[in-house]
Amino acid sequence: MANDKSAPEIRKIGLIGFGEAGGLLGEGLVKAGLWVTAYDIKCHDANALASLEQRAEAAGVLLAASLEQAVSSVDLVVSAVTASSAAQVAEQAGPLMRAGQYFLDINSVSPSTKAHDRNAIESAGAAYVEAAVMAPVPPYGLHVPMLLGGSQAQAVSTALNALGMRTRTVSADVGVASAIKMCRSVMIKGIEALTVECLTAARRYGAEHEVLASLAETFPGMGWTEKQPHYLISRVAEHGRRRAAEMREVAETLSDAQVDPVMALATATLQDAFVDLMAAKGVAYPKDQAFDWPSFIDQLRN
């Protein structure tokens with residue numbers, strides 16, 4: 001950072017959203033020597049507040065009582081909320097920010113939503129940078145790879161990388177980084193959805209071993225007879241609702257490019273339906289044990 005005079009000095013960070021991603025990033029930034037505060041809408045939920053306070057204290061993060069408190073005195077605001085909340089957060093944060101501050105939007109939303117967010121932030125004089133998170137935040141934490149875009153992306157990338165983050169600028173225009181993430185998600189989330197549908201049916205017919213052996217022969221090296229099916233189905237079981245919301249943003253991305261989002265919408269439908277089935281059957285994601293896809297699928301049948 002010292003070698004790039006255009007890079008901002010970042011000492012204080014405000015996190016909007018203190019879920020899985022926000023929590024891990026906050027913890028990593030504190031360890032990097034920064035002062036970090038976080039605001040989450042669950043602060044106003046009496047049933048969730050104690051857990052939120054406990055997590056913040058363990059991470060060394062100061063929990064803010066309001067959005068204004070979280071963004072007013074920091075150098076960089078990081079928005080890490082759900083896809084469905086991203087635009088509203090930018091609209092609410094924008095008027096609370098000032099020139100000299102930076103807003104890093106890491107949410108998985110369409111390029112058009114990122115453009116909306118940019119306008120909301122820059123109307124108050126702050127600088128907007130989009131980010132596309134290109135891998136699950138756990139287990140990477142602060143080192144999760146991100147692609148950045150926007151007129152100030154390179155300067156912010158230099159500053160963040162000096163803190164130990166792994167960012168790379170792909171464009172001075174807002175939307176390119178998000179398009180990369182959204183188009184990739186057609187494949188990644190689509191494979192997850194296909195795996196759920198394929199192996200649920202195969203398990204019901206008692207044909208899963210032969211199906212997986214055939215997949216391993218056709219696509220060697222993907223781990224179909226090892227950990228891959230457990231991992232792919234676990235992602236839907238743990239994060240299906242959030243992934244469905246992202247796939248609707250993907251569908252918007254495709255539609256904006258005059259591409260009919262047939263597979264994206266089907267993926268969103270399956271992700272939502274899987275979580276709905278879990279709720280109907282009273283089956284929760286097993287957070288404290290290894291995920292075993294056959295036994296999990298069996299629970300959804302009984």
# chains A, B, ... in the order shown; residues from 1 in each chain; ligands from 1

$ closest_atom_pairs --of "region 166-225 of chain A" --to "region 241-261 of chain A" --cutoff "8 Å" --atoms "only C-alpha atoms" --output "tab-separated table"
residue	atom	partner	partner_atom	distance
A:Ala179	CA	A:Thr253	CA	7.1
A:Met182	CA	A:Val250	CA	5.2
A:Cys183	CA	A:Val250	CA	7.1
A:Ser185	CA	A:Val250	CA	7.3
A:Val186	CA	A:Val250	CA	7.2
A:Lys189	CA	A:Arg243	CA	7.5

$ residues_around --residues "Gly26 (chain A)" --least-positions-apart "4" --cutoff "7 Å" --atoms "only C-alpha atoms" --output "list in words"
Gly22, Val30, Val36, Ala59 and Val61 of chain A

$ atom_distance --atom1 "CA of Leu194 (chain A)" --atom2 "CA of Ala280 (chain A)"
21.5 Å

$ residues_around --residues "region 269-275 of chain A" --least-positions-apart "4" --cutoff "12 Å" --atoms "only C-alpha atoms" --output "number ranges by chain"
A: 189-198, 200, 232-248, 251, 262-265, 279-285, 296-297, 300-301

$ select_by_dssp --residues "region 24-110 of chain A" --states "helix (DSSP H, G or I)" --output "PyMOL selection string"
chain A and resi 24-31+41-44+46-59+67-71+83-96

$ closest_residue --among "A:Lys12, A:Lys287, A:Lys181, A:Arg55" --to "Val78 (chain A)" --atoms "only C-alpha atoms"
A:Lys12

$ select_by_dssp --residues "region 84-184 of chain A" --states "strand (DSSP E)" --output "PDB file with C-alpha atoms, in the first residue's frame"
ATOM      1  CA  TYR A 102     -15.517   3.542   0.326  1.00  0.00           C
ATOM      2  CA  PHE A 103     -18.349   1.027  -0.022  1.00  0.00           C
ATOM      3  CA  LEU A 104     -17.363  -2.545  -0.957  1.00  0.00           C
ATOM      4  CA  ASP A 105     -20.384  -4.499  -2.221  1.00  0.00           C
ATOM      5  CA  ALA A 127     -16.887   5.747  -3.638  1.00  0.00           C
ATOM      6  CA  TYR A 128     -18.451   2.445  -4.719  1.00  0.00           C
ATOM      7  CA  VAL A 129     -16.517  -0.741  -5.523  1.00  0.00           C
ATOM      8  CA  GLU A 130     -18.186  -3.971  -6.545  1.00  0.00           C
ATOM      9  CA  ALA A 131     -16.748  -7.315  -5.487  1.00  0.00           C
ATOM     10  CA  ALA A 132     -17.501 -10.826  -6.679  1.00  0.00           C
ATOM     11  CA  VAL A 133     -16.593 -13.483  -4.121  1.00  0.00           C
ATOM     12  CA  PRO A 145     -10.533 -14.688  -3.721  1.00  0.00           C
ATOM     13  CA  MET A 146     -12.499 -11.649  -4.907  1.00  0.00           C
ATOM     14  CA  LEU A 147     -12.792  -9.878  -8.244  1.00  0.00           C
ATOM     15  CA  LEU A 148     -13.266  -6.101  -8.032  1.00  0.00           C
ATOM     16  CA  GLY A 149     -14.767  -3.541 -10.383  1.00  0.00           C
ATOM     17  CA  ARG A 166      -6.828 -11.699  -2.166  1.00  0.00           C
ATOM     18  CA  THR A 167      -8.475  -9.260  -4.549  1.00  0.00           C
ATOM     19  CA  ARG A 168      -7.946  -8.597  -8.253  1.00  0.00           C
ATOM     20  CA  THR A 169      -9.391  -5.794 -10.341  1.00  0.00           C
ATOM     21  CA  VAL A 170     -11.044  -6.961 -13.564  1.00  0.00           C
ATOM     22  CA  SER A 171     -12.609  -3.741 -14.819  1.00  0.00           C
TER      23      SER A 171
END

$ atom_distance --atom1 "CA of Trp224 (chain A)" --atom2 "CA of Phe291 (chain A)"
15.1 Å
